[in-house]
Amino acid sequence: MTDVLITAIFLAAVYSLVALGLSLTWAGLGFLNLAHGVTYSAAAVGAYEASIHIGGNAFVVLIGGIVSGALVGLVIFLVVFMPLDGRRNFDLRTLIATLALALLGENLLLDKFGPQPQTFPEIFSWLPTINIQGTNVTSDQEGAVLAAIVLVAAFVAFLDGSRIGLGVRALTQNVEGARLVGIDRRTAAFAILVTSGALVGVAAVLLGPVYFVSYNNGLQPMIKGLTVAMLGGLGSVRGTIAAAVIVALVESLTATYIGAEDVLVSLFVLIAIVLLVRPRGLAGILETTRA
Amino acid sequence: MRRAFDLAFWPVVIVLAVVLPPLYNDSYVMAELVLFGIYFAINLMWSLVLGTAGLYSFATLAFVGAAAYSCAWLSINHGLPWWAYAPVGIAVGALGGLLVALPAVRLRGVYFALLTIGLVEACNQYVTGDTANLGGAQGLVGADSIIPPSKQGLIDGYYYAYAGIGVIVIVALLVYWWVSSGRLGLQLRTARESEPVAQALGIDIPRARLAVFVITAAVLGLFDFSTLLLLFAMIVVGGINSPRGILLGTALLQFIEQHYVSWGAPRLILLGVIMLLITLFTTDGLAGIPAQIGRLLRGRGTPAADDVAAATMGGGPP
């Protein structure tokens with residue numbers, strides 16, 4: 001049981017990093033970023049390349065993931081958001097355009113990186129392993145949880161404290177109102193897309209030892225991220241973090257007691273039940289967000 | 001000129017469909033044509049959900065997969081003959097559609113997309129994980145087929161498959177026109193444009209959406225995220241709102257995908273770029289370009305009456 005909980009905490013930390021970007025992109029900008037998965041893959045590849053060419057320590061690899069993730073976020077901002085902002089059918093066309101980017105990016109990675117999955121360097125091996133009631137917590141898990149907590153806290157501080165963060169929060173509450181008080185949608189979009197790219201880049205580095213590095217392994221984390229974002233209520237930071245804990249717990253319970261191939265099935269059942277009862281997810285229980 | 005083209009389009013397609021196979025008489029071309037028929041039928045039904053109803057559902061492929069796997073499994077383990085695939089597939093598809101639609105039709109826009117993407121991937125993972133019953137990533141081999149065993153792998157065999165898929169495509173086209181030009185299509189389009197108006201008119205929106213789900217899933221009766229993306233690209237490139245656009249998009253993208261296999265990944269990058277450009281610069285895919293140019297020439301930026309699946313998706317700038 002302890003190992004189930006430890007895995008759950010590890011997964012929850014990583015999933016909240018993946019889901020926060022998706023959630024804010026939807027709530028603040030009104031579009032569903034389906035290129036989030038390919039951002040993950042690109043960041044994993046970027047971090048891997050950084051570890052090969054620059055150095056294998058935690059700092060370099062994390063920066064490699066963050067920079068490559070943020071760069072893909074910038075591409076999404078330039079190629080999807082800027083041309084389509086304010087145009088007709090914005091929501092459908094951004095959905096299609098991000099899917100197109102996913103198709104394009106995945107095959108670009110396949111072409112440049114090759115089909116062979118690569119093992120990710122162990123970047124947290126300098127942390128001591130601790131033992132909780134007979135179960136060893138690996139240094140990777142420790143490092144991932146610590147890094148995720150620091151980054152999520154920094155992200156929340158950015159949202160709460162900075163002027164741009166204030167604009168983003170205003171946009172998630174009321175688009176028209178935000179425009180009336182002079183909040184620039186483009187600045188907010190730039191901030192949201194680049195930071196969500198950077199956050200998913202960190203997630204790619206932290207999950208690297210579990211999923212390996214490959215051109216197409218971003219799909220699974222994206223689907224988990226979507227599940228978390230939906231369960232948490234899109235746009236709600238606290239809801240997203242709570243949902244990440246629930247999803248991670250269901251996943252590690254299912255994987256341990258039923259079977260790894262049933263994880264997505266049980267998550268799907270969970271989501272279907274929750275959405276039947278609460279179509280807006282957990283948001284509203286924890287805080288007020290835009291419907 | 002345009003009227004003549006409109007009138008001639010489908011007769012020309014039918015003539016081509018009959019004339020092309022004996023003209024080439026080549027098993028590679030036949031295999032491509034059969035695949036084209038399968039893609040076209042799936043895309044037609046999917047675009048009813050995406051375009052006419054304006055629901056961002058990715059579940060369509062899961063229904064195809066569920067029906068195909070059920071039939072193949074029954075055939076291998078219980079000797080189900082190929083001619084019984086149709087009723088079994090229709091039943092499985094309709095049941096699957098009903099099960100997914102019941103919770104899903106109550107959701108709006110993006111939640112629908114999220115839920116159904118998750119469903120497709122869950123099915124995919126379940127099937128590839130279950131090597132004992134469903135053959136895992138290898139799939140199921142040895143199911144009874146419309147192609148008689150003696151003709152398997154021969155050019156004659158492909159004609160059987162071609163005839164079979166021909167029937168399915170015709171059924172799909174008839175269902176498309178029946179749904180889209182009938183009462184149900186009208187209700188769905190109204191609900192897509194404005195849910196309050198539809199409600200005021202007394203349209204039972206969940207019921208109408210449920211109906212389109214069950215009907216399309218029942219008609220369809222190989223899936224992973226890449227196939228899903230490819231089929232989605234076909235619909236989008238061609239134009240979501242017309243069978244003609246879907247035919248063009250399916251033909252064009254399948255040609256690029258299959259003909260340039262030797263290019264490897266770059267051909268799919270090309271597909272991604274095409275899809276992106278079409279999305280950024282057209283309002284209704286390739287099929288909508290003539291109308292779009294017409295509007296530009298007349299200097300009017302007014303939206304077409306039946307535009308790309310309009311704003312049912314909740315949220316976004318109002």
# chains A, B, ... in the order shown; residues from 1 in each chain; ligands from 1

$ closest_atom_pairs --of "chain A" --to "chain B" --cutoff "6 Å" --atoms "only C-alpha atoms" --output "JSON lines"
{"residue": "A:Gly30", "atom": "CA", "partner": "B:Gly316", "partner_atom": "CA", "distance": 3.8}
{"residue": "A:Ala97", "atom": "CA", "partner": "B:Leu276", "partner_atom": "CA", "distance": 5.3}
{"residue": "A:Ala100", "atom": "CA", "partner": "B:Gly272", "partner_atom": "CA", "distance": 4.8}
{"residue": "A:Leu103", "atom": "CA", "partner": "B:Gly272", "partner_atom": "CA", "distance": 5.4}
{"residue": "A:Leu104", "atom": "CA", "partner": "B:Ile269", "partner_atom": "CA", "distance": 4.4}
{"residue": "A:Asn107", "atom": "CA", "partner": "B:Ala265", "partner_atom": "CA", "distance": 5.2}
{"residue": "A:Asp111", "atom": "CA", "partner": "B:Ala265", "partner_atom": "CA", "distance": 5.6}
{"residue": "A:Glu261", "atom": "CA", "partner": "B:Gly129", "partner_atom": "CA", "distance": 5.3}
{"residue": "A:Leu264", "atom": "CA", "partner": "B:Ala122", "partner_atom": "CA", "distance": 4.8}
{"residue": "A:Val265", "atom": "CA", "partner": "B:Ala122", "partner_atom": "CA", "distance": 5.2}

$ write_last_selection --atoms "C-alpha atoms" --output "mmCIF file, in the first residue's frame"
data_model
loop_
_atom_site.group_PDB
_atom_site.id
_atom_site.type_symbol
_atom_site.label_atom_id
_atom_site.label_comp_id
_atom_site.auth_asym_id
_atom_site.auth_seq_id
_atom_site.Cartn_x
_atom_site.Cartn_y
_atom_site.Cartn_z
ATOM 1 C CA GLY A 30 -10.532 29.600 -25.232
ATOM 2 C CA ALA A 97 -4.370 23.686 -36.144
ATOM 3 C CA ALA A 100 -1.931 19.604 -37.413
ATOM 4 C CA LEU A 103 1.017 15.475 -36.707
ATOM 5 C CA LEU A 104 3.767 17.679 -38.096
ATOM 6 C CA ASN A 107 6.908 13.209 -37.677
ATOM 7 C CA ASP A 111 12.660 12.076 -38.897
ATOM 8 C CA GLU A 261 -3.559 -1.904 -19.528
ATOM 9 C CA LEU A 264 -7.040 4.458 -19.063
ATOM 10 C CA VAL A 265 -10.264 2.451 -18.951
#

$ residues_around --residues "region 159-172 of chain A" --least-positions-apart "6" --cutoff "6 Å" --atoms "only C-alpha atoms" --output "PyMOL selection string"
chain A and resi 27-28+178+183+188

$ select_by_dssp --residues "region 43-182 of chain A" --states "alpha helix (DSSP H)" --output "PyMOL selection string"
chain A and resi 43-53+58-76+82-84+90-113+139-161+163-173+175-180

$ residues_around --residues "Gly218 (chain A)" --least-positions-apart "4" --cutoff "8 Å" --atoms "only C-alpha atoms" --output "ChimeraX atom specification"
/A:36-41,222

$ write_last_selection --atoms "C-alpha atoms" --output "PDB file, in the first residue's frame"
ATOM      1  CA  HIS A  36       0.643  19.623 -25.748  1.00  0.00           C
ATOM      2  CA  GLY A  37       1.669  15.995 -26.255  1.00  0.00           C
ATOM      3  CA  VAL A  38       4.131  16.839 -28.979  1.00  0.00           C
ATOM      4  CA  THR A  39       5.491  19.648 -26.795  1.00  0.00           C
ATOM      5  CA  TYR A  40       6.181  16.971 -24.187  1.00  0.00           C
ATOM      6  CA  SER A  41       8.000  14.754 -26.706  1.00  0.00           C
ATOM      7  CA  MET A 222      -1.315  14.568 -22.673  1.00  0.00           C
TER       8      MET A 222
END

$ residues_around --residues "Tyr39 (chain B)" --least-positions-apart "3" --cutoff "12 Å" --atoms "only C-alpha atoms" --output "VMD selection string"
chain B and resid 32 to 36 42 to 47 61 64 165 to 166 168 to 169 172 220 222 to 223 227 to 228 230 to 235 246 to 254

$ write_last_selection --atoms "N, CA and C atoms" --output "mmCIF file, in the first residue's frame"
data_model
loop_
_atom_site.group_PDB
_atom_site.id
_atom_site.type_symbol
_atom_site.label_atom_id
_atom_site.label_comp_id
_atom_site.auth_asym_id
_atom_site.auth_seq_id
_atom_site.Cartn_x
_atom_site.Cartn_y
_atom_site.Cartn_z
ATOM 1 N N GLU B 32 -5.589 -0.122 -52.709
ATOM 2 C CA GLU B 32 -5.729 1.301 -52.402
ATOM 3 C C GLU B 32 -7.181 1.744 -52.500
ATOM 4 N N LEU B 33 -7.879 1.257 -53.537
ATOM 5 C CA LEU B 33 -9.276 1.658 -53.726
ATOM 6 C C LEU B 33 -10.148 1.149 -52.582
ATOM 7 N N VAL B 34 -9.877 -0.083 -52.135
ATOM 8 C CA VAL B 34 -10.655 -0.636 -51.022
ATOM 9 C C VAL B 34 -10.406 0.208 -49.766
ATOM 10 N N LEU B 35 -9.126 0.517 -49.520
ATOM 11 C CA LEU B 35 -8.775 1.340 -48.363
ATOM 12 C C LEU B 35 -9.456 2.712 -48.461
ATOM 13 N N PHE B 36 -9.457 3.244 -49.685
ATOM 14 C CA PHE B 36 -10.103 4.539 -49.907
ATOM 15 C C PHE B 36 -11.585 4.469 -49.537
ATOM 16 N N ILE B 42 -15.931 5.993 -43.354
ATOM 17 C CA ILE B 42 -15.725 6.450 -41.975
ATOM 18 C C ILE B 42 -15.802 7.977 -41.905
ATOM 19 N N ASN B 43 -15.097 8.636 -42.839
ATOM 20 C CA ASN B 43 -15.064 10.096 -42.823
ATOM 21 C C ASN B 43 -16.439 10.715 -43.027
ATOM 22 N N LEU B 44 -17.243 10.086 -43.892
ATOM 23 C CA LEU B 44 -18.601 10.598 -44.119
ATOM 24 C C LEU B 44 -19.397 10.605 -42.824
ATOM 25 N N MET B 45 -19.356 9.462 -42.117
ATOM 26 C CA MET B 45 -20.147 9.357 -40.896
ATOM 27 C C MET B 45 -19.600 10.287 -39.824
ATOM 28 N N TRP B 46 -18.256 10.372 -39.776
ATOM 29 C CA TRP B 46 -17.637 11.219 -38.761
ATOM 30 C C TRP B 46 -18.004 12.684 -38.990
ATOM 31 N N SER B 47 -18.066 13.084 -40.273
ATOM 32 C CA SER B 47 -18.344 14.492 -40.544
ATOM 33 C C SER B 47 -19.797 14.848 -40.220
ATOM 34 N N LEU B 61 -13.891 6.512 -34.334
ATOM 35 C CA LEU B 61 -12.976 5.410 -34.627
ATOM 36 C C LEU B 61 -13.052 4.312 -33.583
ATOM 37 N N VAL B 64 -15.760 2.055 -34.768
ATOM 38 C CA VAL B 64 -15.284 1.216 -35.866
ATOM 39 C C VAL B 64 -14.469 0.065 -35.286
ATOM 40 N N ILE B 165 -17.082 -3.050 -50.185
ATOM 41 C CA ILE B 165 -16.904 -1.692 -49.682
ATOM 42 C C ILE B 165 -17.756 -0.720 -50.493
ATOM 43 N N GLY B 166 -17.984 -1.075 -51.799
ATOM 44 C CA GLY B 166 -18.867 -0.240 -52.624
ATOM 45 C C GLY B 166 -20.248 -0.140 -51.999
ATOM 46 N N ILE B 168 -21.033 -0.582 -48.885
ATOM 47 C CA ILE B 168 -20.963 0.181 -47.633
ATOM 48 C C ILE B 168 -20.913 1.687 -47.906
ATOM 49 N N VAL B 169 -20.110 2.078 -48.917
ATOM 50 C CA VAL B 169 -20.008 3.503 -49.241
ATOM 51 C C VAL B 169 -21.368 4.046 -49.679
ATOM 52 N N ALA B 172 -23.480 4.477 -46.719
ATOM 53 C CA ALA B 172 -23.023 5.633 -45.941
ATOM 54 C C ALA B 172 -23.483 6.940 -46.583
ATOM 55 N N LEU B 220 -21.101 2.340 -39.077
ATOM 56 C CA LEU B 220 -19.699 1.943 -39.160
ATOM 57 C C LEU B 220 -19.485 0.619 -38.456
ATOM 58 N N LEU B 222 -8.170 -0.987 -36.406
ATOM 59 C CA LEU B 222 -7.144 -0.165 -36.973
ATOM 60 C C LEU B 222 -7.070 1.196 -36.322
ATOM 61 N N PHE B 223 -7.249 1.217 -35.295
ATOM 62 C CA PHE B 223 -7.281 2.571 -34.822
ATOM 63 C C PHE B 223 -6.170 2.852 -33.832
ATOM 64 N N THR B 227 -3.776 7.128 -36.932
ATOM 65 C CA THR B 227 -4.843 6.926 -37.905
ATOM 66 C C THR B 227 -5.923 7.973 -37.694
ATOM 67 N N LEU B 228 -6.237 8.212 -36.428
ATOM 68 C CA LEU B 228 -7.254 9.209 -36.104
ATOM 69 C C LEU B 228 -6.872 10.567 -36.682
ATOM 70 N N LEU B 230 -4.858 11.161 -39.162
ATOM 71 C CA LEU B 230 -4.884 11.122 -40.624
ATOM 72 C C LEU B 230 -6.312 11.303 -41.134
ATOM 73 N N LEU B 231 -7.255 10.546 -40.559
ATOM 74 C CA LEU B 231 -8.641 10.647 -41.006
ATOM 75 C C LEU B 231 -9.201 12.037 -40.723
ATOM 76 N N PHE B 232 -8.843 12.571 -39.549
ATOM 77 C CA PHE B 232 -9.310 13.912 -39.195
ATOM 78 C C PHE B 232 -8.779 14.920 -40.206
ATOM 79 N N ALA B 233 -7.488 14.777 -40.572
ATOM 80 C CA ALA B 233 -6.886 15.676 -41.551
ATOM 81 C C ALA B 233 -7.630 15.590 -42.881
ATOM 82 N N MET B 234 -8.025 14.377 -43.276
ATOM 83 C CA MET B 234 -8.746 14.192 -44.535
ATOM 84 C C MET B 234 -10.029 15.013 -44.551
ATOM 85 N N ILE B 235 -10.783 14.908 -43.448
ATOM 86 C CA ILE B 235 -12.050 15.625 -43.371
ATOM 87 C C ILE B 235 -11.800 17.130 -43.403
ATOM 88 N N ILE B 246 -15.245 15.816 -48.558
ATOM 89 C CA ILE B 246 -14.677 14.675 -47.859
ATOM 90 C C ILE B 246 -14.062 13.702 -48.856
ATOM 91 N N LEU B 247 -14.732 13.530 -49.994
ATOM 92 C CA LEU B 247 -14.205 12.654 -51.041
ATOM 93 C C LEU B 247 -12.855 13.177 -51.529
ATOM 94 N N LEU B 248 -12.788 14.485 -51.817
ATOM 95 C CA LEU B 248 -11.550 15.091 -52.317
ATOM 96 C C LEU B 248 -10.436 14.990 -51.282
ATOM 97 N N GLY B 249 -10.752 15.365 -50.035
ATOM 98 C CA GLY B 249 -9.748 15.343 -48.982
ATOM 99 C C GLY B 249 -9.227 13.938 -48.753
ATOM 100 N N THR B 250 -10.139 12.959 -48.706
ATOM 101 C CA THR B 250 -9.731 11.575 -48.497
ATOM 102 C C THR B 250 -8.821 11.120 -49.632
ATOM 103 N N ALA B 251 -9.222 11.423 -50.874
ATOM 104 C CA ALA B 251 -8.440 10.982 -52.028
ATOM 105 C C ALA B 251 -7.057 11.620 -52.008
ATOM 106 N N LEU B 252 -6.997 12.929 -51.785
ATOM 107 C CA LEU B 252 -5.720 13.655 -51.833
ATOM 108 C C LEU B 252 -4.754 13.153 -50.756
ATOM 109 N N LEU B 253 -5.276 13.097 -49.501
ATOM 110 C CA LEU B 253 -4.376 12.734 -48.417
ATOM 111 C C LEU B 253 -3.967 11.275 -48.461
ATOM 112 N N GLN B 254 -4.904 10.410 -48.897
ATOM 113 C CA GLN B 254 -4.526 9.001 -49.006
ATOM 114 C C GLN B 254 -3.459 8.834 -50.077
#

$ closest_residue --among "A:Ala198, A:Ala42, A:Leu71, A:Ile246" --to "Ala8 (chain A)" --atoms "only C-alpha atoms"
A:Ile246

$ residues_around --residues "Ile170 (chain B)" --least-positions-apart "2" --cutoff "12 Å" --atoms "only C-alpha atoms" --output "list of chain:residue names"
B:Trp10, B:Val13, B:Ile14, B:Ala17, B:Gly37, B:Ile38, B:Phe40, B:Ala41, B:Leu44, B:Met45, B:Ala163, B:Gly164, B:Ile165, B:Gly166, B:Val167, B:Ile168, B:Ala172, B:Leu173, B:Leu174, B:Val175, B:Tyr176, B:Trp177, B:Val219, B:Pro243

$ decode --residues "region 87-178 of chain A" --atoms "C-alpha atoms" --output "PDB file, in the first residue's frame"
ATOM      1  CA  ARG A  87     -11.076  35.095 -36.607  1.00  0.00           C
ATOM      2  CA  ARG A  88     -14.282  33.169 -37.190  1.00  0.00           C
ATOM      3  CA  ASN A  89     -14.595  29.686 -35.701  1.00  0.00           C
ATOM      4  CA  PHE A  90     -11.583  30.351 -33.497  1.00  0.00           C
ATOM      5  CA  ASP A  91     -12.212  27.355 -31.234  1.00  0.00           C
ATOM      6  CA  LEU A  92     -12.600  24.737 -33.964  1.00  0.00           C
ATOM      7  CA  ARG A  93      -9.784  26.087 -36.106  1.00  0.00           C
ATOM      8  CA  THR A  94      -7.317  26.240 -33.221  1.00  0.00           C
ATOM      9  CA  LEU A  95      -8.260  22.672 -32.332  1.00  0.00           C
ATOM     10  CA  ILE A  96      -7.521  21.575 -35.898  1.00  0.00           C
ATOM     11  CA  ALA A  97      -4.370  23.686 -36.144  1.00  0.00           C
ATOM     12  CA  THR A  98      -2.933  22.221 -32.929  1.00  0.00           C
ATOM     13  CA  LEU A  99      -3.766  18.719 -34.192  1.00  0.00           C
ATOM     14  CA  ALA A 100      -1.931  19.604 -37.413  1.00  0.00           C
ATOM     15  CA  LEU A 101       1.056  20.743 -35.336  1.00  0.00           C
ATOM     16  CA  ALA A 102       0.898  17.445 -33.444  1.00  0.00           C
ATOM     17  CA  LEU A 103       1.017  15.475 -36.707  1.00  0.00           C
ATOM     18  CA  LEU A 104       3.767  17.679 -38.096  1.00  0.00           C
ATOM     19  CA  GLY A 105       5.865  17.778 -34.933  1.00  0.00           C
ATOM     20  CA  GLU A 106       5.633  14.068 -34.220  1.00  0.00           C
ATOM     21  CA  ASN A 107       6.908  13.209 -37.677  1.00  0.00           C
ATOM     22  CA  LEU A 108       9.566  15.893 -37.581  1.00  0.00           C
ATOM     23  CA  LEU A 109      10.847  14.299 -34.373  1.00  0.00           C
ATOM     24  CA  LEU A 110      10.628  10.832 -35.941  1.00  0.00           C
ATOM     25  CA  ASP A 111      12.660  12.076 -38.897  1.00  0.00           C
ATOM     26  CA  LYS A 112      15.334  13.822 -36.841  1.00  0.00           C
ATOM     27  CA  PHE A 113      15.501  11.698 -33.691  1.00  0.00           C
ATOM     28  CA  GLY A 114      14.669   8.284 -35.121  1.00  0.00           C
ATOM     29  CA  PRO A 115      12.170   5.647 -33.984  1.00  0.00           C
ATOM     30  CA  GLN A 116      14.431   4.118 -31.291  1.00  0.00           C
ATOM     31  CA  PRO A 117      13.467   5.064 -27.715  1.00  0.00           C
ATOM     32  CA  GLN A 118      16.488   6.215 -25.691  1.00  0.00           C
ATOM     33  CA  THR A 119      17.101   5.852 -21.984  1.00  0.00           C
ATOM     34  CA  PHE A 120      16.990   9.086 -20.102  1.00  0.00           C
ATOM     35  CA  PRO A 121      19.932  10.019 -17.878  1.00  0.00           C
ATOM     36  CA  GLU A 122      19.476   9.598 -14.122  1.00  0.00           C
ATOM     37  CA  ILE A 123      19.638  13.189 -12.968  1.00  0.00           C
ATOM     38  CA  PHE A 124      18.683  12.892  -9.316  1.00  0.00           C
ATOM     39  CA  SER A 125      20.975  10.008  -8.329  1.00  0.00           C
ATOM     40  CA  TRP A 126      22.816  12.327  -5.906  1.00  0.00           C
ATOM     41  CA  LEU A 127      19.729  12.459  -3.664  1.00  0.00           C
ATOM     42  CA  PRO A 128      19.732   9.881  -0.847  1.00  0.00           C
ATOM     43  CA  THR A 129      17.108   7.133  -1.117  1.00  0.00           C
ATOM     44  CA  ILE A 130      14.791   7.113   1.858  1.00  0.00           C
ATOM     45  CA  ASN A 131      12.868   4.212   3.262  1.00  0.00           C
ATOM     46  CA  ILE A 132       9.257   4.610   4.360  1.00  0.00           C
ATOM     47  CA  GLN A 133       7.820   1.580   6.163  1.00  0.00           C
ATOM     48  CA  GLY A 134       9.941  -0.853   4.192  1.00  0.00           C
ATOM     49  CA  THR A 135       9.392   0.751   0.812  1.00  0.00           C
ATOM     50  CA  ASN A 136      12.261   2.500  -0.910  1.00  0.00           C
ATOM     51  CA  VAL A 137      11.576   5.855  -2.461  1.00  0.00           C
ATOM     52  CA  THR A 138      13.850   6.160  -5.481  1.00  0.00           C
ATOM     53  CA  SER A 139      15.914   9.299  -5.876  1.00  0.00           C
ATOM     54  CA  ASP A 140      14.121   9.969  -9.177  1.00  0.00           C
ATOM     55  CA  GLN A 141      10.763  10.051  -7.429  1.00  0.00           C
ATOM     56  CA  GLU A 142      12.093  12.274  -4.676  1.00  0.00           C
ATOM     57  CA  GLY A 143      13.660  14.699  -7.134  1.00  0.00           C
ATOM     58  CA  ALA A 144      10.527  14.773  -9.284  1.00  0.00           C
ATOM     59  CA  VAL A 145       8.231  15.547  -6.356  1.00  0.00           C
ATOM     60  CA  LEU A 146      10.563  18.244  -5.017  1.00  0.00           C
ATOM     61  CA  ALA A 147      11.069  19.865  -8.416  1.00  0.00           C
ATOM     62  CA  ALA A 148       7.339  19.759  -9.189  1.00  0.00           C
ATOM     63  CA  ILE A 149       6.398  21.332  -5.855  1.00  0.00           C
ATOM     64  CA  VAL A 150       8.929  24.141  -6.330  1.00  0.00           C
ATOM     65  CA  LEU A 151       7.760  24.834  -9.897  1.00  0.00           C
ATOM     66  CA  VAL A 152       4.034  24.680  -9.192  1.00  0.00           C
ATOM     67  CA  ALA A 153       4.577  27.031  -6.244  1.00  0.00           C
ATOM     68  CA  ALA A 154       6.571  29.389  -8.466  1.00  0.00           C
ATOM     69  CA  PHE A 155       3.848  29.233 -11.093  1.00  0.00           C
ATOM     70  CA  VAL A 156       1.107  29.992  -8.578  1.00  0.00           C
ATOM     71  CA  ALA A 157       3.202  32.876  -7.233  1.00  0.00           C
ATOM     72  CA  PHE A 158       3.586  34.175 -10.790  1.00  0.00           C
ATOM     73  CA  LEU A 159      -0.188  33.975 -11.326  1.00  0.00           C
ATOM     74  CA  ASP A 160      -0.972  35.618  -8.003  1.00  0.00           C
ATOM     75  CA  GLY A 161       1.783  38.191  -7.814  1.00  0.00           C
ATOM     76  CA  SER A 162       2.754  39.478 -11.238  1.00  0.00           C
ATOM     77  CA  ARG A 163       0.860  41.887 -13.457  1.00  0.00           C
ATOM     78  CA  ILE A 164       0.775  39.427 -16.344  1.00  0.00           C
ATOM     79  CA  GLY A 165      -0.495  36.738 -13.973  1.00  0.00           C
ATOM     80  CA  LEU A 166      -3.249  39.090 -12.891  1.00  0.00           C
ATOM     81  CA  GLY A 167      -4.194  39.555 -16.555  1.00  0.00           C
ATOM     82  CA  VAL A 168      -4.257  35.809 -17.106  1.00  0.00           C
ATOM     83  CA  ARG A 169      -6.491  35.316 -14.082  1.00  0.00           C
ATOM     84  CA  ALA A 170      -8.792  38.075 -15.249  1.00  0.00           C
ATOM     85  CA  LEU A 171      -9.065  36.418 -18.656  1.00  0.00           C
ATOM     86  CA  THR A 172     -10.021  33.086 -17.106  1.00  0.00           C
ATOM     87  CA  GLN A 173     -12.755  34.828 -15.139  1.00  0.00           C
ATOM     88  CA  ASN A 174     -14.323  37.032 -17.784  1.00  0.00           C
ATOM     89  CA  VAL A 175     -12.984  37.716 -21.270  1.00  0.00           C
ATOM     90  CA  GLU A 176     -15.078  40.811 -21.951  1.00  0.00           C
ATOM     91  CA  GLY A 177     -14.391  42.327 -18.554  1.00  0.00           C
ATOM     92  CA  ALA A 178     -10.660  41.742 -18.968  1.00  0.00           C
TER      93      ALA A 178
END
